[in-house]
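Text of the file target33.cif, holding mmCIF, C-alpha atoms and all ligand atoms; chains and numbers go by the auth columns:
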data_start
loop_
_atom_site.group_PDB
_atom_site.id
_atom_site.type_symbol
_atom_site.label_atom_id
_atom_site.label_comp_id
_atom_site.label_asym_id
_atom_site.label_seq_id
_atom_site.Cartn_x
_atom_site.Cartn_y
_atom_site.Cartn_z
_atom_site.B_iso_or_equiv
_atom_site.auth_seq_id
_atom_site.auth_asym_id
ATOM 1 C CA MET A 1 0.000 0.000 0.000 0.00 1 Z
ATOM 2 C CA SER A 2 1.344 3.397 -0.928 0.00 2 Z
ATOM 3 C CA GLY A 3 0.938 6.320 1.381 0.00 3 Z
ATOM 4 C CA ILE A 4 2.709 9.214 3.062 0.00 4 Z
ATOM 5 C CA LEU A 5 6.079 8.961 4.789 0.00 5 Z
ATOM 6 C CA ILE A 6 6.709 11.205 7.790 0.00 6 Z
ATOM 7 C CA LEU A 7 10.342 12.333 8.020 0.00 7 Z
ATOM 8 C CA GLY A 8 11.063 12.577 11.741 0.00 8 Z
ATOM 9 C CA ALA A 9 9.750 10.226 14.420 0.00 9 Z
ATOM 10 C CA GLY A 10 9.820 12.593 17.398 0.00 10 Z
ATOM 11 C CA GLY A 11 6.959 14.386 19.114 0.00 11 Z
ATOM 12 C CA HIS A 12 6.270 16.663 16.148 0.00 12 Z
ATOM 13 C CA GLY A 13 6.163 13.638 13.822 0.00 13 Z
ATOM 14 C CA LYS A 14 3.706 11.938 16.132 0.00 14 Z
ATOM 15 C CA VAL A 15 1.322 14.910 15.922 0.00 15 Z
ATOM 16 C CA ILE A 16 1.638 14.925 12.127 0.00 16 Z
ATOM 17 C CA ALA A 17 0.831 11.206 12.006 0.00 17 Z
ATOM 18 C CA ASP A 18 -2.315 11.887 14.019 0.00 18 Z
ATOM 19 C CA ILE A 19 -3.278 14.715 11.642 0.00 19 Z
ATOM 20 C CA LEU A 20 -2.863 12.497 8.578 0.00 20 Z
ATOM 21 C CA LEU A 21 -4.759 9.594 10.120 0.00 21 Z
ATOM 22 C CA SER A 22 -7.511 11.962 11.307 0.00 22 Z
ATOM 23 C CA SER A 23 -7.894 13.215 7.747 0.00 23 Z
ATOM 24 C CA GLN A 24 -8.064 9.669 6.321 0.00 24 Z
ATOM 25 C CA GLN A 25 -4.716 9.880 4.548 0.00 25 Z
ATOM 26 C CA PRO A 26 -2.795 6.595 4.398 0.00 26 Z
ATOM 27 C CA VAL A 27 0.535 6.673 6.227 0.00 27 Z
ATOM 28 C CA ILE A 28 3.348 4.193 5.489 0.00 28 Z
ATOM 29 C CA GLY A 29 5.336 5.102 8.590 0.00 29 Z
ATOM 30 C CA PHE A 30 8.293 7.210 9.678 0.00 30 Z
ATOM 31 C CA LEU A 31 11.873 7.681 8.582 0.00 31 Z
ATOM 32 C CA ASP A 32 14.401 9.021 11.073 0.00 32 Z
ATOM 33 C CA ASP A 33 18.177 9.378 10.977 0.00 33 Z
ATOM 34 C CA GLU A 34 18.531 8.024 14.525 0.00 34 Z
ATOM 35 C CA PRO A 35 19.286 4.295 13.986 0.00 35 Z
ATOM 36 C CA SER A 36 18.208 3.361 17.522 0.00 36 Z
ATOM 37 C CA LEU A 37 14.629 4.209 16.524 0.00 37 Z
ATOM 38 C CA TRP A 38 14.521 1.837 13.532 0.00 38 Z
ATOM 39 C CA GLY A 39 12.134 -1.041 14.189 0.00 39 Z
ATOM 40 C CA ASN A 40 10.223 0.984 16.827 0.00 40 Z
ATOM 41 C CA GLN A 41 6.583 1.918 16.440 0.00 41 Z
ATOM 42 C CA VAL A 42 5.020 5.350 16.978 0.00 42 Z
ATOM 43 C CA LEU A 43 1.209 5.435 17.158 0.00 43 Z
ATOM 44 C CA GLY A 44 1.298 1.902 15.771 0.00 44 Z
ATOM 45 C CA LEU A 45 3.270 2.993 12.691 0.00 45 Z
ATOM 46 C CA PRO A 46 6.774 1.654 11.968 0.00 46 Z
ATOM 47 C CA VAL A 47 10.013 3.659 12.000 0.00 47 Z
ATOM 48 C CA LEU A 48 11.496 2.157 8.839 0.00 48 Z
ATOM 49 C CA GLY A 49 14.961 3.625 8.293 0.00 49 Z
ATOM 50 C CA ALA A 50 16.962 6.686 7.231 0.00 50 Z
ATOM 51 C CA MET A 51 15.398 9.738 5.607 0.00 51 Z
ATOM 52 C CA GLN A 52 17.640 9.767 2.548 0.00 52 Z
ATOM 53 C CA ASP A 53 16.316 6.298 1.613 0.00 53 Z
ATOM 54 C CA PHE A 54 12.738 7.553 1.176 0.00 54 Z
ATOM 55 C CA GLU A 55 12.550 6.500 -2.501 0.00 55 Z
ATOM 56 C CA ARG A 56 12.903 2.833 -1.507 0.00 56 Z
ATOM 57 C CA TYR A 57 9.373 2.959 -0.032 0.00 57 Z
ATOM 58 C CA GLN A 58 7.801 4.588 -3.126 0.00 58 Z
ATOM 59 C CA PRO A 59 5.783 7.059 -1.053 0.00 59 Z
ATOM 60 C CA ALA A 60 2.814 8.944 -2.490 0.00 60 Z
ATOM 61 C CA GLY A 61 3.809 11.919 -0.340 0.00 61 Z
ATOM 62 C CA LEU A 62 6.273 13.242 2.229 0.00 62 Z
ATOM 63 C CA VAL A 63 5.995 15.557 5.225 0.00 63 Z
ATOM 64 C CA ALA A 64 9.121 16.984 6.897 0.00 64 Z
ATOM 65 C CA ALA A 65 8.375 16.524 10.610 0.00 65 Z
ATOM 66 C CA ILE A 66 11.272 18.397 12.188 0.00 66 Z
ATOM 67 C CA GLY A 67 10.279 21.204 14.532 0.00 67 Z
ATOM 68 C CA ASN A 68 13.553 23.137 14.279 0.00 68 Z
ATOM 69 C CA ASN A 69 13.107 25.528 11.371 0.00 69 Z
ATOM 70 C CA ALA A 70 16.709 25.624 10.157 0.00 70 Z
ATOM 71 C CA ALA A 71 17.019 21.836 10.383 0.00 71 Z
ATOM 72 C CA ARG A 72 13.761 21.379 8.449 0.00 72 Z
ATOM 73 C CA ASP A 73 15.044 23.749 5.768 0.00 73 Z
ATOM 74 C CA ALA A 74 18.341 21.825 5.589 0.00 74 Z
ATOM 75 C CA LEU A 75 16.534 18.484 5.235 0.00 75 Z
ATOM 76 C CA VAL A 76 14.362 19.718 2.376 0.00 76 Z
ATOM 77 C CA ARG A 77 17.416 21.126 0.591 0.00 77 Z
ATOM 78 C CA LYS A 78 19.336 17.882 1.123 0.00 78 Z
ATOM 79 C CA LEU A 79 16.573 15.717 -0.375 0.00 79 Z
ATOM 80 C CA GLY A 80 16.410 18.136 -3.310 0.00 80 Z
ATOM 81 C CA ASP A 81 14.723 17.476 -6.633 0.00 81 Z
ATOM 82 C CA ALA A 82 13.944 13.818 -5.902 0.00 82 Z
ATOM 83 C CA ALA A 83 11.518 14.899 -3.164 0.00 83 Z
ATOM 84 C CA GLN A 84 10.288 18.155 -4.674 0.00 84 Z
ATOM 85 C CA GLN A 85 7.048 16.786 -6.148 0.00 85 Z
ATOM 86 C CA LEU A 86 6.219 14.711 -3.077 0.00 86 Z
ATOM 87 C CA TRP A 87 5.808 17.269 -0.287 0.00 87 Z
ATOM 88 C CA VAL A 88 2.185 17.327 0.868 0.00 88 Z
ATOM 89 C CA ARG A 89 0.190 19.487 3.238 0.00 89 Z
ATOM 90 C CA ALA A 90 -0.910 17.985 6.560 0.00 90 Z
ATOM 91 C CA GLN A 91 -4.088 19.748 7.651 0.00 91 Z
ATOM 92 C CA HIS A 92 -6.091 18.644 10.677 0.00 92 Z
ATOM 93 C CA PRO A 93 -9.860 18.422 10.012 0.00 93 Z
ATOM 94 C CA ALA A 94 -10.343 20.922 12.845 0.00 94 Z
ATOM 95 C CA ALA A 95 -8.089 23.550 11.247 0.00 95 Z
ATOM 96 C CA ILE A 96 -9.962 26.397 9.549 0.00 96 Z
ATOM 97 C CA VAL A 97 -8.496 27.865 6.384 0.00 97 Z
ATOM 98 C CA ALA A 98 -10.279 30.710 4.554 0.00 98 Z
ATOM 99 C CA LEU A 99 -11.190 30.060 0.932 0.00 99 Z
ATOM 100 C CA SER A 100 -8.983 32.915 -0.270 0.00 100 Z
ATOM 101 C CA ALA A 101 -5.956 31.954 1.842 0.00 101 Z
ATOM 102 C CA GLN A 102 -2.967 30.366 0.072 0.00 102 Z
ATOM 103 C CA VAL A 103 -1.004 27.573 1.680 0.00 103 Z
ATOM 104 C CA GLY A 104 2.230 26.147 0.255 0.00 104 Z
ATOM 105 C CA HIS A 105 3.407 22.563 -0.014 0.00 105 Z
ATOM 106 C CA GLY A 106 4.712 20.608 2.958 0.00 106 Z
ATOM 107 C CA THR A 107 2.972 22.966 5.367 0.00 107 Z
ATOM 108 C CA VAL A 108 1.375 21.622 8.556 0.00 108 Z
ATOM 109 C CA LEU A 109 -1.856 23.078 9.971 0.00 109 Z
ATOM 110 C CA MET A 110 -2.695 21.616 13.369 0.00 110 Z
ATOM 111 C CA ALA A 111 -5.970 21.287 15.243 0.00 111 Z
ATOM 112 C CA GLY A 112 -7.614 24.603 16.055 0.00 112 Z
ATOM 113 C CA ALA A 113 -5.387 26.616 13.720 0.00 113 Z
ATOM 114 C CA VAL A 114 -7.232 29.450 11.964 0.00 114 Z
ATOM 115 C CA VAL A 115 -6.005 31.096 8.757 0.00 115 Z
ATOM 116 C CA ASN A 116 -8.100 34.065 7.697 0.00 116 Z
ATOM 117 C CA PRO A 117 -8.816 35.552 4.225 0.00 117 Z
ATOM 118 C CA ASP A 118 -5.999 36.474 1.863 0.00 118 Z
ATOM 119 C CA ALA A 119 -3.303 35.189 4.205 0.00 119 Z
ATOM 120 C CA VAL A 120 -0.391 33.699 2.252 0.00 120 Z
ATOM 121 C CA ILE A 121 1.518 30.866 3.920 0.00 121 Z
ATOM 122 C CA GLY A 122 4.662 29.516 2.306 0.00 122 Z
ATOM 123 C CA ASP A 123 6.161 26.039 2.035 0.00 123 Z
ATOM 124 C CA HIS A 124 7.066 23.819 5.018 0.00 124 Z
ATOM 125 C CA VAL A 125 5.530 26.231 7.517 0.00 125 Z
ATOM 126 C CA ILE A 126 4.106 24.964 10.827 0.00 126 Z
ATOM 127 C CA VAL A 127 0.882 26.561 12.065 0.00 127 Z
ATOM 128 C CA ASN A 128 0.703 24.838 15.412 0.00 128 Z
ATOM 129 C CA THR A 129 -2.227 23.950 17.663 0.00 129 Z
ATOM 130 C CA GLY A 130 -4.642 26.815 18.190 0.00 130 Z
ATOM 131 C CA ALA A 131 -2.474 29.397 16.423 0.00 131 Z
ATOM 132 C CA THR A 132 -4.292 32.124 14.500 0.00 132 Z
ATOM 133 C CA ILE A 133 -3.134 33.966 11.396 0.00 133 Z
ATOM 134 C CA ASP A 134 -5.379 36.840 10.467 0.00 134 Z
ATOM 135 C CA HIS A 135 -6.281 38.444 7.152 0.00 135 Z
ATOM 136 C CA ASP A 136 -3.509 39.474 4.757 0.00 136 Z
ATOM 137 C CA CYS A 137 -0.644 38.000 6.801 0.00 137 Z
ATOM 138 C CA ARG A 138 2.345 36.620 4.899 0.00 138 Z
ATOM 139 C CA ILE A 139 4.264 33.741 6.460 0.00 139 Z
ATOM 140 C CA GLU A 140 7.450 32.830 4.615 0.00 140 Z
ATOM 141 C CA ASP A 141 8.896 29.339 4.079 0.00 141 Z
ATOM 142 C CA PHE A 142 9.986 27.217 7.069 0.00 142 Z
ATOM 143 C CA ALA A 143 8.510 29.582 9.662 0.00 143 Z
ATOM 144 C CA HIS A 144 6.711 28.194 12.728 0.00 144 Z
ATOM 145 C CA VAL A 145 3.791 29.829 14.528 0.00 145 Z
ATOM 146 C CA ALA A 146 3.757 27.933 17.822 0.00 146 Z
ATOM 147 C CA PRO A 147 0.706 26.798 19.825 0.00 147 Z
ATOM 148 C CA GLY A 148 -1.664 29.571 20.823 0.00 148 Z
ATOM 149 C CA ALA A 149 0.277 32.357 19.097 0.00 149 Z
ATOM 150 C CA HIS A 150 -1.791 35.066 17.449 0.00 150 Z
ATOM 151 C CA LEU A 151 -0.876 37.189 14.449 0.00 151 Z
ATOM 152 C CA ALA A 152 -3.171 40.145 13.799 0.00 152 Z
ATOM 153 C CA GLY A 153 -3.961 41.278 10.262 0.00 153 Z
ATOM 154 C CA GLY A 154 -1.226 42.138 7.793 0.00 154 Z
ATOM 155 C CA VAL A 155 1.695 40.716 9.754 0.00 155 Z
ATOM 156 C CA VAL A 156 4.742 39.461 7.814 0.00 156 Z
ATOM 157 C CA VAL A 157 6.851 36.644 9.290 0.00 157 Z
ATOM 158 C CA GLY A 158 10.212 35.953 7.649 0.00 158 Z
ATOM 159 C CA ALA A 159 11.666 32.623 6.610 0.00 159 Z
ATOM 160 C CA ARG A 160 12.667 30.216 9.409 0.00 160 Z
ATOM 161 C CA THR A 161 11.310 32.512 12.107 0.00 161 Z
ATOM 162 C CA LEU A 162 9.717 31.034 15.242 0.00 162 Z
ATOM 163 C CA ILE A 163 6.777 32.835 16.853 0.00 163 Z
ATOM 164 C CA GLY A 164 6.875 31.282 20.340 0.00 164 Z
ATOM 165 C CA VAL A 165 4.044 29.709 22.304 0.00 165 Z
ATOM 166 C CA GLY A 166 1.300 32.194 23.142 0.00 166 Z
ATOM 167 C CA ALA A 167 3.022 35.213 21.568 0.00 167 Z
ATOM 168 C CA SER A 168 0.995 38.006 19.951 0.00 168 Z
ATOM 169 C CA VAL A 169 1.808 40.397 17.130 0.00 169 Z
ATOM 170 C CA ILE A 170 -0.166 43.607 16.576 0.00 170 Z
ATOM 171 C CA PRO A 171 -1.393 44.488 13.048 0.00 171 Z
ATOM 172 C CA TYR A 172 0.884 45.242 10.098 0.00 172 Z
ATOM 173 C CA GLN A 173 4.215 44.534 11.790 0.00 173 Z
ATOM 174 C CA THR A 174 7.055 42.851 9.907 0.00 174 Z
ATOM 175 C CA ILE A 175 9.230 40.261 11.637 0.00 175 Z
ATOM 176 C CA GLY A 176 12.489 39.409 9.895 0.00 176 Z
ATOM 177 C CA GLN A 177 13.891 36.029 8.980 0.00 177 Z
ATOM 178 C CA ASP A 178 15.670 33.673 11.392 0.00 178 Z
ATOM 179 C CA VAL A 179 14.063 35.446 14.355 0.00 179 Z
ATOM 180 C CA ILE A 180 12.929 33.851 17.619 0.00 180 Z
ATOM 181 C CA ILE A 181 9.981 35.530 19.297 0.00 181 Z
ATOM 182 C CA GLY A 182 9.893 34.320 22.905 0.00 182 Z
ATOM 183 C CA ALA A 183 6.954 32.546 24.466 0.00 183 Z
ATOM 184 C CA GLY A 184 4.261 34.991 25.552 0.00 184 Z
ATOM 185 C CA ALA A 185 5.888 38.016 23.893 0.00 185 Z
ATOM 186 C CA THR A 186 3.893 40.933 22.503 0.00 186 Z
ATOM 187 C CA VAL A 187 5.403 42.313 19.303 0.00 187 Z
ATOM 188 C CA VAL A 188 4.458 45.964 18.758 0.00 188 Z
ATOM 189 C CA ARG A 189 7.028 47.083 16.166 0.00 189 Z
ATOM 190 C CA THR A 190 9.142 45.827 13.300 0.00 190 Z
ATOM 191 C CA VAL A 191 11.690 43.163 14.290 0.00 191 Z
ATOM 192 C CA PRO A 192 14.969 42.892 12.320 0.00 192 Z
ATOM 193 C CA ASP A 193 16.456 39.631 11.024 0.00 193 Z
ATOM 194 C CA ALA A 194 18.171 37.096 13.253 0.00 194 Z
ATOM 195 C CA VAL A 195 17.352 38.433 16.722 0.00 195 Z
ATOM 196 C CA THR A 196 15.672 36.889 19.765 0.00 196 Z
ATOM 197 C CA ALA A 197 12.882 39.158 20.978 0.00 197 Z
ATOM 198 C CA LYS A 198 10.980 38.564 24.216 0.00 198 Z
ATOM 199 C CA GLY A 199 8.717 40.211 26.737 0.00 199 Z
ATOM 200 C CA THR A 200 5.841 42.717 26.581 0.00 200 Z
ATOM 201 C CA PRO A 201 6.534 44.821 24.632 0.00 201 Z
ATOM 202 C CA ALA A 202 9.051 42.538 22.930 0.00 202 Z
ATOM 203 C CA ARG A 203 12.662 43.772 23.049 0.00 203 Z
ATOM 204 C CA TRP A 204 15.895 42.375 21.644 0.00 204 Z
HETATM 205 C C1 LIG B . 13.070 33.570 24.556 0.00 1 P
HETATM 206 C C2 LIG B . 13.837 32.248 24.576 0.00 1 P
HETATM 207 C C3 LIG B . 14.248 31.867 23.153 0.00 1 P
HETATM 208 C C4 LIG B . 15.068 32.495 25.417 0.00 1 P
HETATM 209 O O1 LIG B . 15.815 31.337 25.498 0.00 1 P
HETATM 210 P P1 LIG B . 17.288 31.405 26.140 0.00 1 P
HETATM 211 O O2 LIG B . 18.145 32.305 25.337 0.00 1 P
HETATM 212 O O3 LIG B . 17.749 29.995 26.326 0.00 1 P
HETATM 213 O O4 LIG B . 17.037 32.153 27.491 0.00 1 P
HETATM 214 P P2 LIG B . 17.259 31.662 29.006 0.00 1 P
HETATM 215 O O5 LIG B . 16.333 30.531 29.325 0.00 1 P
HETATM 216 O O6 LIG B . 18.730 31.488 29.230 0.00 1 P
HETATM 217 O O7 LIG B . 16.761 32.937 29.816 0.00 1 P
HETATM 218 C C5 LIG B . 17.450 34.169 29.750 0.00 1 P
HETATM 219 C C6 LIG B . 16.609 35.211 30.474 0.00 1 P
HETATM 220 O O8 LIG B . 15.430 35.481 29.683 0.00 1 P
HETATM 221 C C7 LIG B . 14.243 35.200 30.445 0.00 1 P
HETATM 222 N N1 LIG B . 13.290 34.627 29.519 0.00 1 P
HETATM 223 C C8 LIG B . 13.391 33.446 28.860 0.00 1 P
HETATM 224 N N2 LIG B . 12.342 33.265 28.063 0.00 1 P
HETATM 225 C C9 LIG B . 11.558 34.348 28.200 0.00 1 P
HETATM 226 C C10 LIG B . 10.324 34.715 27.642 0.00 1 P
HETATM 227 N N3 LIG B . 9.710 33.942 26.751 0.00 1 P
HETATM 228 N N4 LIG B . 9.793 35.909 27.998 0.00 1 P
HETATM 229 C C11 LIG B . 10.410 36.698 28.904 0.00 1 P
HETATM 230 N N5 LIG B . 11.589 36.390 29.490 0.00 1 P
HETATM 231 C C12 LIG B . 12.148 35.219 29.134 0.00 1 P
HETATM 232 C C13 LIG B . 14.694 34.240 31.541 0.00 1 P
HETATM 233 O O9 LIG B . 13.831 34.306 32.655 0.00 1 P
HETATM 234 C C14 LIG B . 16.073 34.749 31.822 0.00 1 P
HETATM 235 O O10 LIG B . 15.964 35.914 32.635 0.00 1 P
HETATM 236 P P3 LIG B . 17.062 36.251 33.760 0.00 1 P
HETATM 237 O O11 LIG B . 18.369 36.445 32.999 0.00 1 P
HETATM 238 O O12 LIG B . 16.546 37.504 34.368 0.00 1 P
HETATM 239 O O13 LIG B . 17.079 35.081 34.674 0.00 1 P
HETATM 240 C C15 LIG B . 12.995 31.071 25.132 0.00 1 P
HETATM 241 O O14 LIG B . 12.854 31.121 26.529 0.00 1 P
HETATM 242 C C16 LIG B . 11.599 31.007 24.529 0.00 1 P
HETATM 243 O O15 LIG B . 10.638 31.664 24.969 0.00 1 P
HETATM 244 N N6 LIG B . 11.487 30.186 23.444 0.00 1 P
HETATM 245 C C17 LIG B . 10.242 29.950 22.739 0.00 1 P
HETATM 246 C C18 LIG B . 9.970 28.443 22.780 0.00 1 P
HETATM 247 C C19 LIG B . 8.720 28.078 22.032 0.00 1 P
HETATM 248 O O16 LIG B . 7.686 28.723 22.132 0.00 1 P
HETATM 249 N N7 LIG B . 8.823 26.996 21.231 0.00 1 P
HETATM 250 C C20 LIG B . 7.728 26.496 20.419 0.00 1 P
HETATM 251 C C21 LIG B . 7.541 25.025 20.707 0.00 1 P
HETATM 252 S S1 LIG B . 6.189 24.336 19.830 0.00 1 P
#
Any chance you could put this one into structure tokens?
Amino acid sequence: MSGILILGAGGHGKVIADILLSSQQPVIGFLDDEPSLWGNQVLGLPVLGAMQDFERYQPAGLVAAIGNNAARDALVRKLGDAAQQLWVRAQHPAAIVALSAQVGHGTVLMAGAVVNPDAVIGDHVIVNTGATIDHDCRIEDFAHVAPGAHLAGGVVVGARTLIGVGASVIPYQTIGQDVIIGAGATVVRTVPDAVTAKGTPARW
């Protein structure tokens, strides 16, 4: 039976498996580069072998299940053209995505996530449990909006940036790439690239 392979058998991979199974998508199992996990089961699904050997299993689709944004980016680059057509979206049935929103390939939308009209979400983004992305936001590739984080309308989030658990961003702010916004932070102005910003108001 063909199905989707989940690349990464950790906690994030487990949630993605649940999303795929909840949305009636067949899952072959996991690949992980930690050999001690091979032969284990996660949610009753096998951990089969190393990620670079994905073609051996002839998957119908792939999801990169690595929570660290830079590491997820590196994995997708490493697998290159051979994987390019296989990346699929994992969207929980309880995620709400507006008809006019755009969502890229390989992106994960968890339970309770809300994406409002004309938001544009790139490739391999994580919109985690209960996170909300309001109208006209733009979320670039490999970003992660963590559980319970809220982006007001028109916010831009740069590539590989993490918006931490429960953080909030007021309307029409731009957050650079490779940024970490700390848990619970309130972002009230533009944030440059590659800083860690935390607190209310967020400072770096
Ligand atoms: C902001 C953050 C990146 C800082 O990590 P760090 O550099 O390892 O910082 P430390 O834990 O060494 O703490 C340094 C100081 O910042 C404070 N601090 C840490 N996180 C903070 C936060 N989110 N808000 C306010 N202050 C924070 C600490 O209390 C400490 O203060 P002190 O020097 O007065 O004792 C991290 O704490 C955080 O919030 N990460 C987000 C995690 C997340 O949401 N992941 C998503 C998982 S799905």
Task: Atom pair atom C12 of ligand LIG 1 (chain P) / CA of Ala185 (chain Z): separation (Å) - done: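 Result for atom C12 of ligand LIG 1 (chain P) versus CA of Ala185 (chain Z): 8.6 Å, one decimal.
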Q.
When you count all atoms listed in the file, which of these residues is closest to ligand LIG 1 (chain P): Z:Val145, Z:Ala50, Z:Val187, Z:Leu86?
A.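 Distance minimum relative to ligand LIG 1 (chain P) lands on Z:Val145.
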Counting all atoms listed in the file, which residues of chain Z fall within 7 Å of ligand LIG 1 (chain P), and what is the closest atom pair for each with its distance in Å at one decimal, ordered by chain and rising number, as JSON lines?
{"residue": "Z:Ala146", "atom": "CA", "partner": "P:LIG1", "partner_atom": "S1", "distance": 4.8}
{"residue": "Z:Pro147", "atom": "CA", "partner": "P:LIG1", "partner_atom": "S1", "distance": 6.0}
{"residue": "Z:Ile163", "atom": "CA", "partner": "P:LIG1", "partner_atom": "O16", "distance": 6.8}
{"residue": "Z:Gly164", "atom": "CA", "partner": "P:LIG1", "partner_atom": "O16", "distance": 3.2}
{"residue": "Z:Val165", "atom": "CA", "partner": "P:LIG1", "partner_atom": "O16", "distance": 3.8}
{"residue": "Z:Ile180", "atom": "CA", "partner": "P:LIG1", "partner_atom": "C3", "distance": 6.0}
{"residue": "Z:Ile181", "atom": "CA", "partner": "P:LIG1", "partner_atom": "C1", "distance": 6.4}
{"residue": "Z:Gly182", "atom": "CA", "partner": "P:LIG1", "partner_atom": "O15", "distance": 3.4}
{"residue": "Z:Ala183", "atom": "CA", "partner": "P:LIG1", "partner_atom": "O15", "distance": 3.8}
{"residue": "Z:Gly184", "atom": "CA", "partner": "P:LIG1", "partner_atom": "N3", "distance": 5.7}
{"residue": "Z:Ala185", "atom": "CA", "partner": "P:LIG1", "partner_atom": "N4", "distance": 6.0}
{"residue": "Z:Thr196", "atom": "CA", "partner": "P:LIG1", "partner_atom": "C3", "distance": 6.2}
{"residue": "Z:Ala197", "atom": "CA", "partner": "P:LIG1", "partner_atom": "C1", "distance": 6.6}
{"residue": "Z:Lys198", "atom": "CA", "partner": "P:LIG1", "partner_atom": "N4", "distance": 4.8}
{"residue": "Z:Gly199", "atom": "CA", "partner": "P:LIG1", "partner_atom": "C11", "distance": 4.5}
Exercise for the section: Select, from Z:Gly44, Z:Gly49, Z:Gly176, Z:Gly166, the residue with the minimum atom-to-atom distance to Thr200 (chain Z), counting all atoms listed in the file. Expected result: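 Of the candidates, the smallest distance to Thr200 (chain Z) is held by Z:Gly166.
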Residues selected by the PyMOL selection byres (((chain Z and resi 88-96) around 8) and not hetatm), written as a PDB file with C-alpha atoms, in the frame of the given file:
ATOM      1  CA  ILE Z  16       1.638  14.925  12.127  1.00  0.00           C
ATOM      2  CA  ILE Z  19      -3.278  14.715  11.642  1.00  0.00           C
ATOM      3  CA  LEU Z  20      -2.863  12.497   8.578  1.00  0.00           C
ATOM      4  CA  SER Z  22      -7.511  11.962  11.307  1.00  0.00           C
ATOM      5  CA  SER Z  23      -7.894  13.215   7.747  1.00  0.00           C
ATOM      6  CA  GLY Z  61       3.809  11.919  -0.340  1.00  0.00           C
ATOM      7  CA  LEU Z  62       6.273  13.242   2.229  1.00  0.00           C
ATOM      8  CA  VAL Z  63       5.995  15.557   5.225  1.00  0.00           C
ATOM      9  CA  LEU Z  86       6.219  14.711  -3.077  1.00  0.00           C
ATOM     10  CA  TRP Z  87       5.808  17.269  -0.287  1.00  0.00           C
ATOM     11  CA  VAL Z  97      -8.496  27.865   6.384  1.00  0.00           C
ATOM     12  CA  ALA Z  98     -10.279  30.710   4.554  1.00  0.00           C
ATOM     13  CA  GLY Z 104       2.230  26.147   0.255  1.00  0.00           C
ATOM     14  CA  HIS Z 105       3.407  22.563  -0.014  1.00  0.00           C
ATOM     15  CA  GLY Z 106       4.712  20.608   2.958  1.00  0.00           C
ATOM     16  CA  THR Z 107       2.972  22.966   5.367  1.00  0.00           C
ATOM     17  CA  VAL Z 108       1.375  21.622   8.556  1.00  0.00           C
ATOM     18  CA  LEU Z 109      -1.856  23.078   9.971  1.00  0.00           C
ATOM     19  CA  MET Z 110      -2.695  21.616  13.369  1.00  0.00           C
ATOM     20  CA  ALA Z 111      -5.970  21.287  15.243  1.00  0.00           C
ATOM     21  CA  GLY Z 112      -7.614  24.603  16.055  1.00  0.00           C
ATOM     22  CA  ALA Z 113      -5.387  26.616  13.720  1.00  0.00           C
ATOM     23  CA  VAL Z 114      -7.232  29.450  11.964  1.00  0.00           C
ATOM     24  CA  VAL Z 115      -6.005  31.096   8.757  1.00  0.00           C
TER      25      VAL Z 115
END
